[in-house]
Each structure stands twice: as C-alpha cells, then as structure tokens.
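Visitor: Contents of start-v1.pdb (PDB, C-alpha atoms, pLDDT in the B column) are given next:
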```pdb
ATOM      1  CA  MET A   1      55.606 133.169 168.042  1.00 95.00           C
ATOM      2  CA  ALA A   2      57.465 133.943 164.865  1.00 97.00           C
ATOM      3  CA  ALA A   3      57.050 132.848 161.254  1.00 98.00           C
ATOM      4  CA  GLY A   4      59.306 132.809 158.240  1.00 98.00           C
ATOM      5  CA  ALA A   5      59.644 131.253 154.820  1.00 98.00           C
ATOM      6  CA  LEU A   6      62.184 129.263 152.890  1.00 98.00           C
ATOM      7  CA  PHE A   7      62.708 130.620 149.382  1.00 98.00           C
ATOM      8  CA  PHE A   8      64.850 128.996 146.714  1.00 98.00           C
ATOM      9  CA  ASP A   9      66.349 130.009 143.392  1.00 97.00           C
ATOM     10  CA  GLU A  10      66.591 127.804 140.287  1.00 95.00           C
ATOM     11  CA  ALA A  11      69.789 126.207 141.680  1.00 96.00           C
ATOM     12  CA  ASP A  12      67.945 125.227 144.917  1.00 96.00           C
ATOM     13  CA  ARG A  13      69.975 127.691 146.948  1.00 98.00           C
ATOM     14  CA  VAL A  14      68.270 129.110 150.061  1.00 98.00           C
ATOM     15  CA  LEU A  15      67.475 132.812 150.485  1.00 98.00           C
ATOM     16  CA  LEU A  16      68.946 134.343 153.643  1.00 98.00           C
ATOM     17  CA  VAL A  17      68.624 137.963 154.716  1.00 98.00           C
ATOM     18  CA  GLU A  18      71.170 140.009 156.666  1.00 97.00           C
ATOM     19  CA  PRO A  19      69.247 141.734 159.483  1.00 96.00           C
ATOM     20  CA  SER A  20      70.840 144.940 160.762  1.00 94.00           C
ATOM     21  CA  TYR A  21      70.016 143.927 164.349  1.00 93.00           C
ATOM     22  CA  LYS A  22      71.635 140.439 164.248  1.00 94.00           C
ATOM     23  CA  ASP A  23      75.194 139.250 163.722  1.00 94.00           C
ATOM     24  CA  TYR A  24      74.114 136.295 161.580  1.00 95.00           C
ATOM     25  CA  ARG A  25      71.959 135.681 158.524  1.00 97.00           C
ATOM     26  CA  ASP A  26      68.334 134.601 158.943  1.00 97.00           C
ATOM     27  CA  VAL A  27      65.335 133.506 156.910  1.00 98.00           C
ATOM     28  CA  PRO A  28      62.925 136.309 156.040  1.00 98.00           C
ATOM     29  CA  GLY A  29      60.105 136.580 158.561  1.00 97.00           C
ATOM     30  CA  GLY A  30      59.380 137.866 162.032  1.00 95.00           C
ATOM     31  CA  TYR A  31      57.160 137.948 165.066  1.00 95.00           C
ATOM     32  CA  VAL A  32      53.451 137.150 164.938  1.00 97.00           C
ATOM     33  CA  GLU A  33      51.365 140.110 166.095  1.00 97.00           C
ATOM     34  CA  GLU A  34      48.331 139.852 168.362  1.00 97.00           C
ATOM     35  CA  GLY A  35      45.302 138.488 166.484  1.00 97.00           C
ATOM     36  CA  GLU A  36      47.438 137.409 163.538  1.00 98.00           C
ATOM     37  CA  SER A  37      47.990 133.821 162.424  1.00 98.00           C
ATOM     38  CA  PRO A  38      51.514 132.534 161.773  1.00 98.00           C
ATOM     39  CA  LEU A  39      50.761 132.368 158.042  1.00 98.00           C
ATOM     40  CA  GLN A  40      49.433 135.946 158.010  1.00 98.00           C
ATOM     41  CA  ALA A  41      52.543 137.093 159.885  1.00 98.00           C
ATOM     42  CA  CYS A  42      54.785 135.324 157.392  1.00 98.00           C
ATOM     43  CA  VAL A  43      53.071 136.993 154.419  1.00 98.00           C
ATOM     44  CA  ARG A  44      53.200 140.417 156.119  1.00 98.00           C
ATOM     45  CA  GLU A  45      56.851 140.083 157.132  1.00 97.00           C
ATOM     46  CA  ILE A  46      57.916 138.982 153.636  1.00 97.00           C
ATOM     47  CA  ARG A  47      56.098 141.975 152.148  1.00 97.00           C
ATOM     48  CA  GLU A  48      57.721 144.321 154.678  1.00 97.00           C
ATOM     49  CA  GLU A  49      61.250 142.912 154.513  1.00 97.00           C
ATOM     50  CA  LEU A  50      61.526 142.046 150.813  1.00 97.00           C
ATOM     51  CA  GLY A  51      58.801 144.155 149.190  1.00 97.00           C
ATOM     52  CA  ILE A  52      57.277 141.155 147.396  1.00 96.00           C
ATOM     53  CA  ALA A  53      54.137 139.098 147.965  1.00 94.00           C
ATOM     54  CA  PRO A  54      54.715 135.621 146.510  1.00 93.00           C
ATOM     55  CA  ARG A  55      52.335 132.797 147.345  1.00 94.00           C
ATOM     56  CA  ILE A  56      53.376 131.170 150.599  1.00 97.00           C
ATOM     57  CA  GLY A  57      52.922 127.419 150.589  1.00 97.00           C
ATOM     58  CA  ARG A  58      52.514 124.765 153.228  1.00 98.00           C
ATOM     59  CA  LEU A  59      53.977 124.565 156.696  1.00 98.00           C
ATOM     60  CA  LEU A  60      57.372 122.831 156.683  1.00 98.00           C
ATOM     61  CA  VAL A  61      58.612 123.116 160.281  1.00 98.00           C
ATOM     62  CA  VAL A  62      57.355 123.917 163.767  1.00 98.00           C
ATOM     63  CA  ASP A  63      60.222 124.486 166.196  1.00 97.00           C
ATOM     64  CA  TRP A  64      59.943 125.059 169.948  1.00 96.00           C
ATOM     65  CA  ALA A  65      62.848 127.267 170.932  1.00 92.00           C
ATOM     66  CA  PRO A  66      63.556 127.822 174.618  1.00 89.00           C
ATOM     67  CA  ASN A  67      65.124 131.187 175.384  1.00 84.00           C
ATOM     68  CA  PRO A  68      65.811 132.148 179.009  1.00 86.00           C
ATOM     69  CA  GLY A  69      66.191 135.841 178.139  1.00 87.00           C
ATOM     70  CA  GLU A  70      63.104 136.257 175.961  1.00 83.00           C
ATOM     71  CA  GLY A  71      60.906 133.325 176.945  1.00 89.00           C
ATOM     72  CA  ASP A  72      60.090 130.197 174.986  1.00 93.00           C
ATOM     73  CA  LYS A  73      59.159 130.676 171.336  1.00 94.00           C
ATOM     74  CA  VAL A  74      57.305 128.640 168.750  1.00 97.00           C
ATOM     75  CA  LEU A  75      58.751 129.220 165.292  1.00 97.00           C
ATOM     76  CA  TYR A  76      56.927 128.368 162.069  1.00 98.00           C
ATOM     77  CA  LEU A  77      58.718 127.864 158.778  1.00 98.00           C
ATOM     78  CA  PHE A  78      56.638 127.877 155.588  1.00 98.00           C
ATOM     79  CA  ASP A  79      57.489 126.933 152.008  1.00 98.00           C
ATOM     80  CA  GLY A  80      58.015 130.082 149.962  1.00 98.00           C
ATOM     81  CA  GLY A  81      58.882 128.021 146.904  1.00 97.00           C
ATOM     82  CA  ARG A  82      61.157 128.953 144.043  1.00 97.00           C
ATOM     83  CA  LEU A  83      61.432 132.677 143.390  1.00 96.00           C
ATOM     84  CA  SER A  84      61.413 133.467 139.689  1.00 93.00           C
ATOM     85  CA  ALA A  85      63.988 135.817 138.201  1.00 93.00           C
ATOM     86  CA  ASP A  86      61.192 138.399 137.907  1.00 93.00           C
ATOM     87  CA  SER A  87      60.320 138.089 141.613  1.00 93.00           C
ATOM     88  CA  ARG A  88      63.991 138.349 142.572  1.00 95.00           C
ATOM     89  CA  GLN A  89      64.355 141.536 140.506  1.00 95.00           C
ATOM     90  CA  ARG A  90      61.394 143.079 142.349  1.00 96.00           C
ATOM     91  CA  ILE A  91      62.921 142.562 145.812  1.00 97.00           C
ATOM     92  CA  THR A  92      63.133 145.872 147.669  1.00 96.00           C
ATOM     93  CA  LEU A  93      64.734 145.583 151.094  1.00 96.00           C
ATOM     94  CA  GLN A  94      63.325 147.200 154.223  1.00 94.00           C
ATOM     95  CA  ALA A  95      66.355 149.457 154.704  1.00 91.00           C
ATOM     96  CA  ASP A  96      66.008 150.022 158.454  1.00 94.00           C
ATOM     97  CA  GLU A  97      66.013 146.276 159.215  1.00 94.00           C
ATOM     98  CA  ILE A  98      67.657 144.391 156.338  1.00 96.00           C
ATOM     99  CA  ARG A  99      71.205 145.144 155.104  1.00 96.00           C
ATOM    100  CA  GLY A 100      71.208 142.623 152.298  1.00 96.00           C
ATOM    101  CA  TYR A 101      70.211 139.193 151.067  1.00 97.00           C
ATOM    102  CA  GLY A 102      71.562 136.351 149.006  1.00 97.00           C
ATOM    103  CA  PHE A 103      70.948 132.787 147.900  1.00 98.00           C
ATOM    104  CA  HIS A 104      73.263 130.198 149.423  1.00 98.00           C
ATOM    105  CA  PRO A 105      73.851 126.460 149.001  1.00 98.00           C
ATOM    106  CA  ALA A 106      72.649 124.419 151.988  1.00 96.00           C
ATOM    107  CA  GLU A 107      76.165 123.182 152.712  1.00 97.00           C
ATOM    108  CA  ARG A 108      77.298 126.770 153.430  1.00 97.00           C
ATOM    109  CA  LEU A 109      74.624 127.401 156.085  1.00 97.00           C
ATOM    110  CA  PRO A 110      76.868 126.529 159.075  1.00 97.00           C
ATOM    111  CA  GLU A 111      79.259 129.356 158.206  1.00 96.00           C
ATOM    112  CA  LEU A 112      76.448 131.888 157.668  1.00 97.00           C
ATOM    113  CA  THR A 113      74.094 131.447 160.598  1.00 97.00           C
ATOM    114  CA  ILE A 114      73.624 129.958 164.060  1.00 95.00           C
ATOM    115  CA  PRO A 115      73.463 126.178 164.627  1.00 95.00           C
ATOM    116  CA  ARG A 116      69.793 125.926 165.665  1.00 92.00           C
ATOM    117  CA  LEU A 117      68.753 127.852 162.538  1.00 95.00           C
ATOM    118  CA  VAL A 118      70.932 125.605 160.379  1.00 97.00           C
ATOM    119  CA  ARG A 119      69.075 122.623 161.871  1.00 96.00           C
ATOM    120  CA  ARG A 120      65.673 124.285 161.281  1.00 97.00           C
ATOM    121  CA  ILE A 121      66.461 125.203 157.667  1.00 98.00           C
ATOM    122  CA  THR A 122      67.885 121.743 156.965  1.00 97.00           C
ATOM    123  CA  ALA A 123      64.748 120.148 158.433  1.00 97.00           C
ATOM    124  CA  GLY A 124      62.674 122.474 156.238  1.00 98.00           C
ATOM    125  CA  ILE A 125      64.562 121.467 153.099  1.00 98.00           C
ATOM    126  CA  GLN A 126      64.046 117.786 153.957  1.00 97.00           C
ATOM    127  CA  ALA A 127      60.353 118.323 154.818  1.00 97.00           C
ATOM    128  CA  ARG A 128      59.830 120.107 151.514  1.00 97.00           C
ATOM    129  CA  ALA A 129      61.459 117.244 149.591  1.00 96.00           C
ATOM    130  CA  ASN A 130      59.562 114.551 151.504  1.00 96.00           C
ATOM    131  CA  GLY A 131      56.134 116.213 151.618  1.00 96.00           C
ATOM    132  CA  VAL A 132      55.997 116.189 155.420  1.00 96.00           C
ATOM    133  CA  THR A 133      55.963 118.709 158.267  1.00 97.00           C
ATOM    134  CA  ALA A 134      58.781 118.474 160.798  1.00 97.00           C
ATOM    135  CA  TYR A 135      58.387 119.049 164.533  1.00 97.00           C
ATOM    136  CA  LEU A 136      61.574 120.232 166.241  1.00 97.00           C
ATOM    137  CA  GLU A 137      62.618 121.228 169.739  1.00 95.00           C
ATOM    138  CA  HIS A 138      65.440 123.787 169.758  1.00 89.00           C
ATOM    139  CA  GLY A 139      66.153 122.822 166.175  1.00 90.00           C
ATOM    140  CA  ASN A 140      66.411 119.108 166.939  1.00 91.00           C
ATOM    141  CA  SER A 141      64.075 116.439 165.673  1.00 89.00           C
ATOM    142  CA  LEU A 142      62.745 113.985 168.212  1.00 81.00           C
ATOM    143  CA  GLU A 143      63.551 110.301 167.918  1.00 55.00           C
ATOM    144  CA  THR A 144      60.558 108.021 168.211  1.00 41.00           C
ATOM    145  CA  GLY A 145      60.539 104.791 170.139  1.00 35.00           C
ATOM    146  CA  GLY A 146      62.520 103.649 173.188  1.00 32.00           C
TER     147      GLY A 146
END
```
For the file at hand, write its structure as structure tokens.

Guide:
Amino acid sequence: MAAGALFFDEADRVLLVEPSYKDYRDVPGGYVEEGESPLQACVREIREELGIAPRIGRLLVVDWAPNPGEGDKVLYLFDGGRLSADSRQRITLQADEIRGYGFHPAERLPELTIPRLVRRITAGIQARANGVTAYLEHGNSLETGG
C-alpha cells in the first residue's frame, strides 16, 4: 500500500515532486509501513518529503495497481487542500529522495508523469470538485451497468 496527497496553489495548479529515484514526477507520499494506516503514512511521508505538516483532508481516490515486478498495490490519494504562500515558503525537501517540486496546471500532467498517474490525479481533481471518492483499477474508473 502507498498513500499520497494532492496539494494545490491559489491558481489550482497541482503540486508534483521530482523523486531522485524515478524518471517522472509524482505526488508527494510513499509506502505505508507495517501497523500504519494509509492516512498516517500520508502525513508522515509529507512531513519527511516536504518538511511541512498541513492538515490532510478526505480520501479522494483508491486505485488498485497491478505490478508484475513488485506485486499488486493499493494506492490512496488524499486531499491536501490549498497550500498557503506561508506553507509553500516552509517547504524543505528531503534531499536524498526529492530533487525538486513545482505546481503545474492539470493539462500539463501528461508531459510530466506516467499515464496511470495522470488518470489517478485527474480522478482526484474531479473527486475533490464533486465531493466523492473515486475507485480506480490501474488508474481507470469502472463503468457501471451492462
């Protein structure tokens, strides 16, 4: 299991981090440790990666992600809300894991990260706007009915 958060600035751009161990941008967050809830993991990972402890809001997305190399994962995406200018100024990156960060418009996501994460983030933005929680499989929503 892994958990992360969507953070936004005043222009509704999404915060993405640049992990040193990946060749694409990601949302801040990470793996859930033994005995830890997804929400607790999200709070801990945000504190470790960004050096801040904003209030983490409701669950936006649950995504089942099959991975033949690492095993199936369940990924939780929480609402981190809008980061104030003060919170943004206090960001201190975990230097051994995070090279940088930035806020990006949703329409630029496909050029910044991998397709399944684009789908997950987009579902999270929609869930946040609609007051719902999205269930995804490999970043895809399931159609109901026949």

Visitor: Can you list, as a PyMOL selection string, the residues that the PyMOL selection byres ((chain A and resi 32) around 10) selects here?

Guide: chain A and resi 1-4+29-31+33-42+44-45+75-76

Visitor: Dump C-alpha atoms for the selected residues as a PDB file, in the frame of the given file?

Guide:
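Ended up saving to out.pdb:
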```
ATOM      1  CA  MET A   1      55.606 133.169 168.042  1.00 95.00           C
ATOM      2  CA  ALA A   2      57.465 133.943 164.865  1.00 97.00           C
ATOM      3  CA  ALA A   3      57.050 132.848 161.254  1.00 98.00           C
ATOM      4  CA  GLY A   4      59.306 132.809 158.240  1.00 98.00           C
ATOM      5  CA  GLY A  29      60.105 136.580 158.561  1.00 97.00           C
ATOM      6  CA  GLY A  30      59.380 137.866 162.032  1.00 95.00           C
ATOM      7  CA  TYR A  31      57.160 137.948 165.066  1.00 95.00           C
ATOM      8  CA  GLU A  33      51.365 140.110 166.095  1.00 97.00           C
ATOM      9  CA  GLU A  34      48.331 139.852 168.362  1.00 97.00           C
ATOM     10  CA  GLY A  35      45.302 138.488 166.484  1.00 97.00           C
ATOM     11  CA  GLU A  36      47.438 137.409 163.538  1.00 98.00           C
ATOM     12  CA  SER A  37      47.990 133.821 162.424  1.00 98.00           C
ATOM     13  CA  PRO A  38      51.514 132.534 161.773  1.00 98.00           C
ATOM     14  CA  LEU A  39      50.761 132.368 158.042  1.00 98.00           C
ATOM     15  CA  GLN A  40      49.433 135.946 158.010  1.00 98.00           C
ATOM     16  CA  ALA A  41      52.543 137.093 159.885  1.00 98.00           C
ATOM     17  CA  CYS A  42      54.785 135.324 157.392  1.00 98.00           C
ATOM     18  CA  ARG A  44      53.200 140.417 156.119  1.00 98.00           C
ATOM     19  CA  GLU A  45      56.851 140.083 157.132  1.00 97.00           C
ATOM     20  CA  LEU A  75      58.751 129.220 165.292  1.00 97.00           C
ATOM     21  CA  TYR A  76      56.927 128.368 162.069  1.00 98.00           C
TER      22      TYR A  76
END
```

Visitor: Which residues would end up in the selection if the PyMOL selection byres ((chain A and resi 87-89) around 9) were applied here, given that I need the answer as a ChimeraX atom specification?

Guide: /A:9,52-54,83-86,90-92

Visitor: So how many Å separate atom CA of A:Leu16 and atom CA of A:Val62, to one decimal?

Guide: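 Interatomic distance, atom CA of A:Leu16 to atom CA of A:Val62: 18.6 Å.
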
Visitor: Once the PyMOL selection byres ((chain A and resi 113) around 12) has been applied to the shown file, what residues remain in the selection, as a ChimeraX atom specification?

Guide: /A:16-19,22-27,104,106-112,114-121

Visitor: Would you list the residues near (61.1, 127.2, 170.1) (no more than 7 Å away, in the coordinates of the file, using only C-alpha atoms) as a ChimeraX atom specification?

Guide: /A:63-66,72-75,137-138

Visitor: Store the residues picked out above, limited to C-alpha atoms, as an mmCIF file, keeping the file's coordinate frame.

Guide:
```cif
data_model
loop_
_atom_site.group_PDB
_atom_site.id
_atom_site.type_symbol
_atom_site.label_atom_id
_atom_site.label_comp_id
_atom_site.auth_asym_id
_atom_site.auth_seq_id
_atom_site.Cartn_x
_atom_site.Cartn_y
_atom_site.Cartn_z
ATOM 1 C CA ASP A 63 60.222 124.486 166.196
ATOM 2 C CA TRP A 64 59.943 125.059 169.948
ATOM 3 C CA ALA A 65 62.848 127.267 170.932
ATOM 4 C CA PRO A 66 63.556 127.822 174.618
ATOM 5 C CA ASP A 72 60.090 130.197 174.986
ATOM 6 C CA LYS A 73 59.159 130.676 171.336
ATOM 7 C CA VAL A 74 57.305 128.640 168.750
ATOM 8 C CA LEU A 75 58.751 129.220 165.292
ATOM 9 C CA GLU A 137 62.618 121.228 169.739
ATOM 10 C CA HIS A 138 65.440 123.787 169.758
#
```

Visitor: Go through A:Leu15, A:Pro105, A:Leu77, A:Asn130 one by one, measure the shortest atom-to-atom distance of each to A:Gly57 using only C-alpha atoms, and give the residue with the smallest value.

Guide: A:Leu77

Visitor: State, in Å with one decimal place, the distance from atom CA of A:Leu60 to atom CA of A:Gly124.

Guide: 5.3 Å

Visitor: Write out as JSON an axis-aligned box for stretch 10-26 of chain A: all of its atoms listed in the file, 6 Å added on each side, centre and edge lengths in Å with one decimal.

Guide:
```
{"center_x": 70.9, "center_y": 135.1, "center_z": 152.3, "size_x": 20.6, "size_y": 31.7, "size_z": 36.1}
```

Visitor: Mind giving me the straight-line distance from atom CA of A:Phe8 to atom CA of A:Asn67 in Å, one decimal?

Guide: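 A separation of 28.8 Å between them.
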
Visitor: Using all atoms listed in the file, pick whichever of A:Phe103, A:Glu97, A:Phe7, A:Arg55 has the shortest atom-to-atom distance to A:Tyr21.

Guide: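 Checking each of A:Phe103, A:Glu97, A:Phe7, A:Arg55 against A:Tyr21, counting all atoms listed in the file, the winner is A:Glu97.
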
Visitor: I'd like to know which of A:Ala11, A:Leu142, A:Leu6, A:Ala134 is closest to A:Ile56, using all atoms listed in the file.

Guide: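 Once distances to A:Ile56 are computed over all atoms listed in the file, the minimum belongs to A:Leu6.
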
Visitor: Please produce stretch 32-43 of chain A, completed to all heavy atoms, as a PDB file, in the frame of the given file.

Guide:
```pdb
ATOM      1  N   VAL A  32      54.891 137.159 165.173  1.00 97.00           N
ATOM      2  CA  VAL A  32      53.451 137.150 164.938  1.00 97.00           C
ATOM      3  C   VAL A  32      52.830 138.201 165.861  1.00 97.00           C
ATOM      4  O   VAL A  32      53.114 138.218 167.055  1.00 97.00           O
ATOM      5  CB  VAL A  32      52.856 135.750 165.239  1.00 97.00           C
ATOM      6  CG1 VAL A  32      51.346 135.754 165.057  1.00 97.00           C
ATOM      7  CG2 VAL A  32      53.518 134.689 164.370  1.00 97.00           C
ATOM      8  N   GLU A  33      52.027 139.078 165.299  1.00 97.00           N
ATOM      9  CA  GLU A  33      51.365 140.110 166.095  1.00 97.00           C
ATOM     10  C   GLU A  33      50.062 139.585 166.681  1.00 97.00           C
ATOM     11  O   GLU A  33      49.501 138.593 166.205  1.00 97.00           O
ATOM     12  CB  GLU A  33      51.107 141.341 165.229  1.00 97.00           C
ATOM     13  CG  GLU A  33      52.393 141.996 164.760  1.00 97.00           C
ATOM     14  CD  GLU A  33      52.167 143.192 163.861  1.00 97.00           C
ATOM     15  OE1 GLU A  33      51.004 143.470 163.463  1.00 97.00           O
ATOM     16  OE2 GLU A  33      53.171 143.857 163.531  1.00 97.00           O
ATOM     17  N   GLU A  34      49.571 140.259 167.709  1.00 97.00           N
ATOM     18  CA  GLU A  34      48.331 139.852 168.362  1.00 97.00           C
ATOM     19  C   GLU A  34      47.185 139.780 167.358  1.00 97.00           C
ATOM     20  O   GLU A  34      47.006 140.682 166.532  1.00 97.00           O
ATOM     21  CB  GLU A  34      47.974 140.855 169.469  1.00 97.00           C
ATOM     22  CG  GLU A  34      46.790 140.426 170.297  1.00 97.00           C
ATOM     23  CD  GLU A  34      46.519 141.362 171.459  1.00 97.00           C
ATOM     24  OE1 GLU A  34      47.444 142.041 171.917  1.00 97.00           O
ATOM     25  OE2 GLU A  34      45.347 141.389 171.895  1.00 97.00           O
ATOM     26  N   GLY A  35      46.440 138.674 167.383  1.00 97.00           N
ATOM     27  CA  GLY A  35      45.302 138.488 166.484  1.00 97.00           C
ATOM     28  C   GLY A  35      45.684 138.044 165.076  1.00 97.00           C
ATOM     29  O   GLY A  35      44.821 137.938 164.218  1.00 97.00           O
ATOM     30  N   GLU A  36      46.937 137.781 164.855  1.00 98.00           N
ATOM     31  CA  GLU A  36      47.438 137.409 163.538  1.00 98.00           C
ATOM     32  C   GLU A  36      47.850 135.934 163.558  1.00 98.00           C
ATOM     33  O   GLU A  36      48.448 135.472 164.528  1.00 98.00           O
ATOM     34  CB  GLU A  36      48.660 138.296 163.243  1.00 98.00           C
ATOM     35  CG  GLU A  36      49.257 138.175 161.896  1.00 98.00           C
ATOM     36  CD  GLU A  36      50.404 139.168 161.696  1.00 98.00           C
ATOM     37  OE1 GLU A  36      51.327 139.217 162.547  1.00 98.00           O
ATOM     38  OE2 GLU A  36      50.373 139.883 160.689  1.00 98.00           O
ATOM     39  N   SER A  37      47.554 135.219 162.500  1.00 98.00           N
ATOM     40  CA  SER A  37      47.990 133.821 162.424  1.00 98.00           C
ATOM     41  C   SER A  37      49.456 133.775 162.009  1.00 98.00           C
ATOM     42  O   SER A  37      49.978 134.744 161.433  1.00 98.00           O
ATOM     43  CB  SER A  37      47.141 133.056 161.413  1.00 98.00           C
ATOM     44  OG  SER A  37      47.544 133.371 160.084  1.00 98.00           O
ATOM     45  N   PRO A  38      50.143 132.654 162.245  1.00 98.00           N
ATOM     46  CA  PRO A  38      51.514 132.534 161.773  1.00 98.00           C
ATOM     47  C   PRO A  38      51.646 132.730 160.256  1.00 98.00           C
ATOM     48  O   PRO A  38      52.586 133.384 159.801  1.00 98.00           O
ATOM     49  CB  PRO A  38      51.924 131.127 162.205  1.00 98.00           C
ATOM     50  CG  PRO A  38      51.102 130.883 163.438  1.00 98.00           C
ATOM     51  CD  PRO A  38      49.769 131.530 163.124  1.00 98.00           C
ATOM     52  N   LEU A  39      50.702 132.189 159.493  1.00 98.00           N
ATOM     53  CA  LEU A  39      50.761 132.368 158.042  1.00 98.00           C
ATOM     54  C   LEU A  39      50.584 133.831 157.661  1.00 98.00           C
ATOM     55  O   LEU A  39      51.311 134.363 156.817  1.00 98.00           O
ATOM     56  CB  LEU A  39      49.708 131.496 157.344  1.00 98.00           C
ATOM     57  CG  LEU A  39      49.660 131.612 155.824  1.00 98.00           C
ATOM     58  CD1 LEU A  39      51.008 131.251 155.191  1.00 98.00           C
ATOM     59  CD2 LEU A  39      48.550 130.735 155.258  1.00 98.00           C
ATOM     60  N   GLN A  40      49.630 134.517 158.287  1.00 98.00           N
ATOM     61  CA  GLN A  40      49.433 135.946 158.010  1.00 98.00           C
ATOM     62  C   GLN A  40      50.682 136.739 158.361  1.00 98.00           C
ATOM     63  O   GLN A  40      51.080 137.650 157.632  1.00 98.00           O
ATOM     64  CB  GLN A  40      48.236 136.485 158.802  1.00 98.00           C
ATOM     65  CG  GLN A  40      46.901 135.978 158.320  1.00 98.00           C
ATOM     66  CD  GLN A  40      45.772 136.320 159.283  1.00 98.00           C
ATOM     67  OE1 GLN A  40      45.962 136.438 160.494  1.00 98.00           O
ATOM     68  NE2 GLN A  40      44.578 136.483 158.743  1.00 98.00           N
ATOM     69  N   ALA A  41      51.319 136.404 159.475  1.00 98.00           N
ATOM     70  CA  ALA A  41      52.543 137.093 159.885  1.00 98.00           C
ATOM     71  C   ALA A  41      53.655 136.865 158.865  1.00 98.00           C
ATOM     72  O   ALA A  41      54.396 137.792 158.522  1.00 98.00           O
ATOM     73  CB  ALA A  41      52.977 136.614 161.263  1.00 98.00           C
ATOM     74  N   CYS A  42      53.770 135.641 158.381  1.00 98.00           N
ATOM     75  CA  CYS A  42      54.785 135.324 157.392  1.00 98.00           C
ATOM     76  C   CYS A  42      54.590 136.170 156.132  1.00 98.00           C
ATOM     77  O   CYS A  42      55.534 136.804 155.650  1.00 98.00           O
ATOM     78  CB  CYS A  42      54.739 133.836 157.062  1.00 98.00           C
ATOM     79  SG  CYS A  42      55.968 133.315 155.859  1.00 98.00           S
ATOM     80  N   VAL A  43      53.377 136.210 155.626  1.00 98.00           N
ATOM     81  CA  VAL A  43      53.071 136.993 154.419  1.00 98.00           C
ATOM     82  C   VAL A  43      53.387 138.469 154.660  1.00 98.00           C
ATOM     83  O   VAL A  43      54.030 139.130 153.823  1.00 98.00           O
ATOM     84  CB  VAL A  43      51.592 136.786 154.012  1.00 98.00           C
ATOM     85  CG1 VAL A  43      51.170 137.782 152.939  1.00 98.00           C
ATOM     86  CG2 VAL A  43      51.364 135.350 153.558  1.00 98.00           C
TER      87      VAL A  43
END
```
